[in-house]
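Q: Just so it is clear, I am handing over protein-v5.cif, which has mmCIF, C-alpha atoms.
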```
data_model
#
loop_
_atom_site.group_PDB
_atom_site.id
_atom_site.type_symbol
_atom_site.label_atom_id
_atom_site.label_comp_id
_atom_site.auth_asym_id
_atom_site.auth_seq_id
_atom_site.Cartn_x
_atom_site.Cartn_y
_atom_site.Cartn_z
ATOM 1 C CA MET E 1 0.000 0.000 0.000
ATOM 2 C CA PRO E 2 1.516 3.370 -0.977
ATOM 3 C CA ARG E 3 2.402 5.835 1.727
ATOM 4 C CA SER E 4 -0.019 8.663 2.242
ATOM 5 C CA GLY E 5 0.816 11.516 -0.104
ATOM 6 C CA SER E 6 3.381 9.535 -2.114
ATOM 7 C CA THR E 7 3.043 8.837 -5.821
ATOM 8 C CA PHE E 8 4.342 5.745 -7.613
ATOM 9 C CA SER E 9 4.543 5.715 -11.419
ATOM 10 C CA VAL E 10 5.162 2.656 -13.572
ATOM 11 C CA ILE E 11 6.835 2.874 -16.971
ATOM 12 C CA GLY E 12 5.940 -0.385 -18.712
ATOM 13 C CA ALA E 13 8.203 -2.551 -20.854
ATOM 14 C CA ASP E 14 6.476 -1.330 -24.040
ATOM 15 C CA VAL E 15 7.223 2.361 -23.313
ATOM 16 C CA VAL E 16 10.199 4.281 -24.741
ATOM 17 C CA ILE E 17 10.739 7.838 -23.494
ATOM 18 C CA THR E 18 13.078 10.030 -25.532
ATOM 19 C CA GLY E 19 14.074 13.087 -23.526
ATOM 20 C CA ASP E 20 14.716 13.951 -19.897
ATOM 21 C CA LEU E 21 12.237 12.845 -17.226
ATOM 22 C CA ASN E 22 11.821 14.754 -13.945
ATOM 23 C CA ALA E 23 9.404 13.347 -11.372
ATOM 24 C CA SER E 24 8.723 13.981 -7.715
ATOM 25 C CA ALA E 25 7.297 10.456 -7.698
ATOM 26 C CA GLU E 26 8.871 7.083 -7.156
ATOM 27 C CA ILE E 27 9.431 5.448 -10.559
ATOM 28 C CA HIS E 28 9.285 1.742 -11.431
ATOM 29 C CA LEU E 29 10.971 1.341 -14.815
ATOM 30 C CA ASP E 30 10.534 -1.694 -17.056
ATOM 31 C CA GLY E 31 10.729 0.315 -20.307
ATOM 32 C CA GLN E 32 13.411 2.580 -21.785
ATOM 33 C CA ILE E 33 14.482 6.147 -21.128
ATOM 34 C CA LYS E 34 16.808 7.816 -23.634
ATOM 35 C CA GLY E 35 17.678 10.871 -21.565
ATOM 36 C CA ASP E 36 18.386 11.875 -17.981
ATOM 37 C CA LEU E 37 16.120 10.759 -15.134
ATOM 38 C CA ALA E 38 15.572 12.641 -11.863
ATOM 39 C CA CYS E 39 13.081 11.186 -9.374
ATOM 40 C CA ALA E 40 12.482 10.562 -5.680
ATOM 41 C CA ALA E 41 13.261 6.849 -5.923
ATOM 42 C CA LEU E 42 13.970 4.473 -8.803
ATOM 43 C CA VAL E 43 13.177 0.773 -8.970
ATOM 44 C CA GLN E 44 14.465 -0.585 -12.274
ATOM 45 C CA GLY E 45 13.224 -3.946 -13.532
ATOM 46 C CA GLU E 46 15.449 -6.344 -15.473
ATOM 47 C CA SER E 47 14.014 -5.138 -18.796
ATOM 48 C CA GLY E 48 14.565 -1.461 -17.889
ATOM 49 C CA VAL E 49 17.103 0.521 -19.932
ATOM 50 C CA ILE E 50 18.386 4.031 -19.216
ATOM 51 C CA GLU E 51 20.698 5.883 -21.609
ATOM 52 C CA GLY E 52 21.488 8.952 -19.524
ATOM 53 C CA SER E 53 22.260 10.003 -15.983
ATOM 54 C CA VAL E 54 20.140 9.088 -12.958
ATOM 55 C CA THR E 55 19.621 11.328 -9.917
ATOM 56 C CA ALA E 56 17.472 10.008 -7.058
ATOM 57 C CA GLU E 57 17.353 9.598 -3.281
ATOM 58 C CA SER E 58 17.430 5.821 -3.741
ATOM 59 C CA ALA E 59 18.063 3.607 -6.757
ATOM 60 C CA ARG E 60 17.481 -0.159 -6.954
ATOM 61 C CA LEU E 61 18.896 -1.291 -10.283
ATOM 62 C CA SER E 62 18.466 -4.589 -12.100
ATOM 63 C CA GLY E 63 18.466 -3.535 -15.774
ATOM 64 C CA ARG E 64 20.952 -1.676 -18.002
ATOM 65 C CA ILE E 65 22.188 1.869 -17.396
ATOM 66 C CA THR E 66 24.610 3.783 -19.597
ATOM 67 C CA GLY E 67 25.368 6.983 -17.689
ATOM 68 C CA SER E 68 26.222 8.238 -14.229
ATOM 69 C CA ILE E 69 24.174 7.460 -11.126
ATOM 70 C CA THR E 70 23.885 9.830 -8.157
ATOM 71 C CA ALA E 71 21.797 8.632 -5.206
ATOM 72 C CA SER E 72 21.982 8.462 -1.432
ATOM 73 C CA GLN E 73 21.236 4.723 -1.446
ATOM 74 C CA VAL E 74 22.268 2.607 -4.426
ATOM 75 C CA VAL E 75 21.533 -1.117 -4.735
ATOM 76 C CA ILE E 76 22.930 -2.835 -7.841
ATOM 77 C CA LEU E 77 21.318 -6.247 -8.239
ATOM 78 C CA GLN E 78 22.797 -9.358 -9.838
ATOM 79 C CA SER E 79 21.157 -8.831 -13.249
ATOM 80 C CA ALA E 80 22.237 -5.168 -13.565
ATOM 81 C CA VAL E 81 24.666 -3.845 -16.167
ATOM 82 C CA VAL E 82 25.991 -0.372 -15.330
ATOM 83 C CA GLU E 83 28.318 1.583 -17.628
ATOM 84 C CA GLY E 84 29.102 4.827 -15.834
ATOM 85 C CA ASP E 85 30.219 6.375 -12.583
ATOM 86 C CA VAL E 86 28.281 5.836 -9.353
ATOM 87 C CA PHE E 87 28.083 8.534 -6.653
ATOM 88 C CA TYR E 88 26.466 7.336 -3.425
ATOM 89 C CA ASP E 89 26.176 7.595 0.357
ATOM 90 C CA ALA E 90 25.366 3.886 0.868
ATOM 91 C CA LEU E 91 26.165 1.220 -1.749
ATOM 92 C CA THR E 92 25.240 -2.464 -2.137
ATOM 93 C CA ILE E 93 26.344 -4.590 -5.099
ATOM 94 C CA GLU E 94 25.130 -8.159 -5.513
ATOM 95 C CA GLU E 95 27.536 -10.798 -6.768
ATOM 96 C CA GLY E 96 27.214 -11.136 -10.540
ATOM 97 C CA ALA E 97 26.323 -7.503 -11.260
ATOM 98 C CA LYS E 98 28.356 -5.960 -14.079
ATOM 99 C CA VAL E 99 29.706 -2.475 -13.466
ATOM 100 C CA ASP E 100 32.146 -0.518 -15.636
ATOM 101 C CA GLY E 101 32.823 2.838 -14.015
ATOM 102 C CA ARG E 102 34.170 4.579 -10.943
ATOM 103 C CA PHE E 103 32.635 4.656 -7.480
ATOM 104 C CA ALA E 104 32.799 7.674 -5.175
ATOM 105 C CA GLN E 105 30.922 8.780 -2.115
ATOM 106 C CA LYS E 106 28.780 11.828 -2.879
ATOM 107 C CA GLY E 107 30.951 14.092 -0.688
ATOM 108 C CA ALA E 108 33.984 13.069 -2.751
ATOM 109 C CA GLN E 109 32.156 14.091 -5.956
ATOM 110 C CA LYS E 110 31.638 17.610 -4.610
ATOM 111 C CA ASN E 111 35.226 17.891 -3.377
ATOM 112 C CA GLU E 112 36.546 16.683 -6.745
ATOM 113 C CA SER E 113 34.604 19.348 -8.673
ATOM 114 C CA GLU E 114 35.713 22.052 -6.212
ATOM 115 C CA GLN E 115 39.314 20.904 -6.601
ATOM 116 C CA LYS E 116 39.076 21.035 -10.413
ATOM 117 C CA SER E 117 37.655 24.576 -10.194
ATOM 118 C CA ALA E 118 40.557 25.643 -7.989
ATOM 119 C CA GLU E 119 43.043 24.241 -10.518
ATOM 120 C CA LEU E 120 41.656 26.257 -13.440
ATOM 121 C CA PRO E 121 43.548 29.461 -14.184
ATOM 122 C CA ASN E 122 41.727 32.749 -13.723
ATOM 123 C CA LEU E 123 41.813 34.356 -17.173
ATOM 124 C CA THR E 124 40.847 37.919 -18.041
ATOM 125 C CA LEU E 125 40.219 39.077 -21.587
ATOM 126 C CA ALA E 126 42.302 42.113 -22.478
ATOM 127 C CA ASN E 127 40.837 44.359 -25.136
ATOM 128 C CA SER E 128 43.056 46.854 -26.941
ATOM 129 C CA ASN E 129 41.373 49.636 -28.891
#
```
Could you show the structure in this file as structure tokens?

A:
Amino acid sequence: MPRSGSTFSVIGADVVITGDLNASAEIHLDGQIKGDLACAALVQGESGVIEGSVTAESARLSGRITGSITASQVVILQSAVVEGDVFYDALTIEEGAKVDGRFAQKGAQKNESEQKSAELPNLTLANSN
């Protein structure tokens, strides 16, 4: 039974979405998304395919993802195939899952981008008239 006030949306196996999807709902994905996905929580079925980045509070993955994943709680199940970096607070990977990418805690992602910004030179355009 859904929690009071929460919304749960199902994207069936026969559905292909081309473009970014933003939802305040929890998403159960059996179809395909060709674009970035941002949602409260993601439950991906084995037939689910995402070609783009995923941003969610929690992600339970058992299909194919080509793109980065950013979530507080990430669970990568045995049938999952992930090609991309994973940024997380808590991470579980079942034996047999296939992952090709880097793993970093979400705090490390922020520190890495701040460090790269600090390394960039400060350039000013000089205009001579």

Q: Please evaluate the PyMOL selection byres ((chain E and resi 73) around 9) against the displayed coordinates and give the resulting residues as a ChimeraX atom specification.

A: /E:56-60,70-72,74-75,88-92

Q: Calculated over only C-alpha atoms, which of the candidates E:Gly48, E:Val16, E:Ala80, E:Ile69 has the smallest distance to E:Arg102?

A: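 Between E:Gly48, E:Val16, E:Ala80, E:Ile69, the residue approaching E:Arg102 most closely is E:Ile69.
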
Q: If you count all atoms listed in the file, which residues fall within 8 Å of E:Val81, apart from same-chain ones fewer than 4 positions away, as JSON, numbers by chain?

A: {"E": [62, 63, 64, 65, 97, 98, 99]}

Q: Can you tell me, as a PyMOL selection string, what residues are no more than 9 Å from E:Val15 when counting all atoms listed in the file, ignoring any on the same chain fewer than 4 positions away?

A: chain E and resi 11+30-33

Q: Go through the shown structure with the PyMOL selection byres ((chain E and resi 103) around 9) and write out the matching residues as a tab-separated table (two decimals) with C-alpha atoms, in the frame of the given file.

A:
```
chain	number	residue	atom	x	y	z
E	85	ASP	CA	30.22	6.38	-12.58
E	86	VAL	CA	28.28	5.84	-9.35
E	87	PHE	CA	28.08	8.53	-6.65
E	88	TYR	CA	26.47	7.34	-3.42
E	101	GLY	CA	32.82	2.84	-14.02
E	102	ARG	CA	34.17	4.58	-10.94
E	104	ALA	CA	32.80	7.67	-5.18
E	105	GLN	CA	30.92	8.78	-2.12
```

Q: Using all atoms listed in the file, determine which residues lie at most 9 Å from E:Phe8, disregarding the query and same-chain residues fewer than 4 positions distant; provide the list as JSON, numbers by chain.

A: {"E": [2, 25, 26, 27, 28]}

Q: To test your reading of the syntax: which residues would the PyMOL selection byres ((chain E and resi 52) around 12) return for the file shown? Reply as an mmCIF file with C-alpha atoms, keeping the file's coordinate frame.

A:
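Result file result_35.cif:
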```
data_model
loop_
_atom_site.group_PDB
_atom_site.id
_atom_site.type_symbol
_atom_site.label_atom_id
_atom_site.label_comp_id
_atom_site.auth_asym_id
_atom_site.auth_seq_id
_atom_site.Cartn_x
_atom_site.Cartn_y
_atom_site.Cartn_z
ATOM 1 C CA ILE E 17 10.739 7.838 -23.494
ATOM 2 C CA THR E 18 13.078 10.030 -25.532
ATOM 3 C CA GLY E 19 14.074 13.087 -23.526
ATOM 4 C CA ASP E 20 14.716 13.951 -19.897
ATOM 5 C CA LEU E 21 12.237 12.845 -17.226
ATOM 6 C CA GLN E 32 13.411 2.580 -21.785
ATOM 7 C CA ILE E 33 14.482 6.147 -21.128
ATOM 8 C CA LYS E 34 16.808 7.816 -23.634
ATOM 9 C CA GLY E 35 17.678 10.871 -21.565
ATOM 10 C CA ASP E 36 18.386 11.875 -17.981
ATOM 11 C CA LEU E 37 16.120 10.759 -15.134
ATOM 12 C CA ALA E 38 15.572 12.641 -11.863
ATOM 13 C CA VAL E 49 17.103 0.521 -19.932
ATOM 14 C CA ILE E 50 18.386 4.031 -19.216
ATOM 15 C CA GLU E 51 20.698 5.883 -21.609
ATOM 16 C CA SER E 53 22.260 10.003 -15.983
ATOM 17 C CA VAL E 54 20.140 9.088 -12.958
ATOM 18 C CA THR E 55 19.621 11.328 -9.917
ATOM 19 C CA ARG E 64 20.952 -1.676 -18.002
ATOM 20 C CA ILE E 65 22.188 1.869 -17.396
ATOM 21 C CA THR E 66 24.610 3.783 -19.597
ATOM 22 C CA GLY E 67 25.368 6.983 -17.689
ATOM 23 C CA SER E 68 26.222 8.238 -14.229
ATOM 24 C CA ILE E 69 24.174 7.460 -11.126
ATOM 25 C CA THR E 70 23.885 9.830 -8.157
ATOM 26 C CA VAL E 82 25.991 -0.372 -15.330
ATOM 27 C CA GLU E 83 28.318 1.583 -17.628
ATOM 28 C CA GLY E 84 29.102 4.827 -15.834
ATOM 29 C CA ASP E 85 30.219 6.375 -12.583
#
```

Q: Just the number, please: distance in Å from atom CA of E:Lys106 to atom CA of E:Glu46, one decimal.

A: 25.8 Å

Q: Check the smallest atom-to-atom distance from each of E:Thr7, E:Ser24, E:Ser79, E:Gln44 to E:Glu95 using all atoms listed in the file, then report the winner.

A: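 Smallest distance to E:Glu95 is found for E:Ser79.
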
Q: Between E:Val10, E:Gly107, E:Leu42, E:Ala23, which residue has the minimum interatomic distance to E:Ile76, considering all atoms listed in the file?

A: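 For E:Ile76, the nearest of the candidates is E:Leu42.
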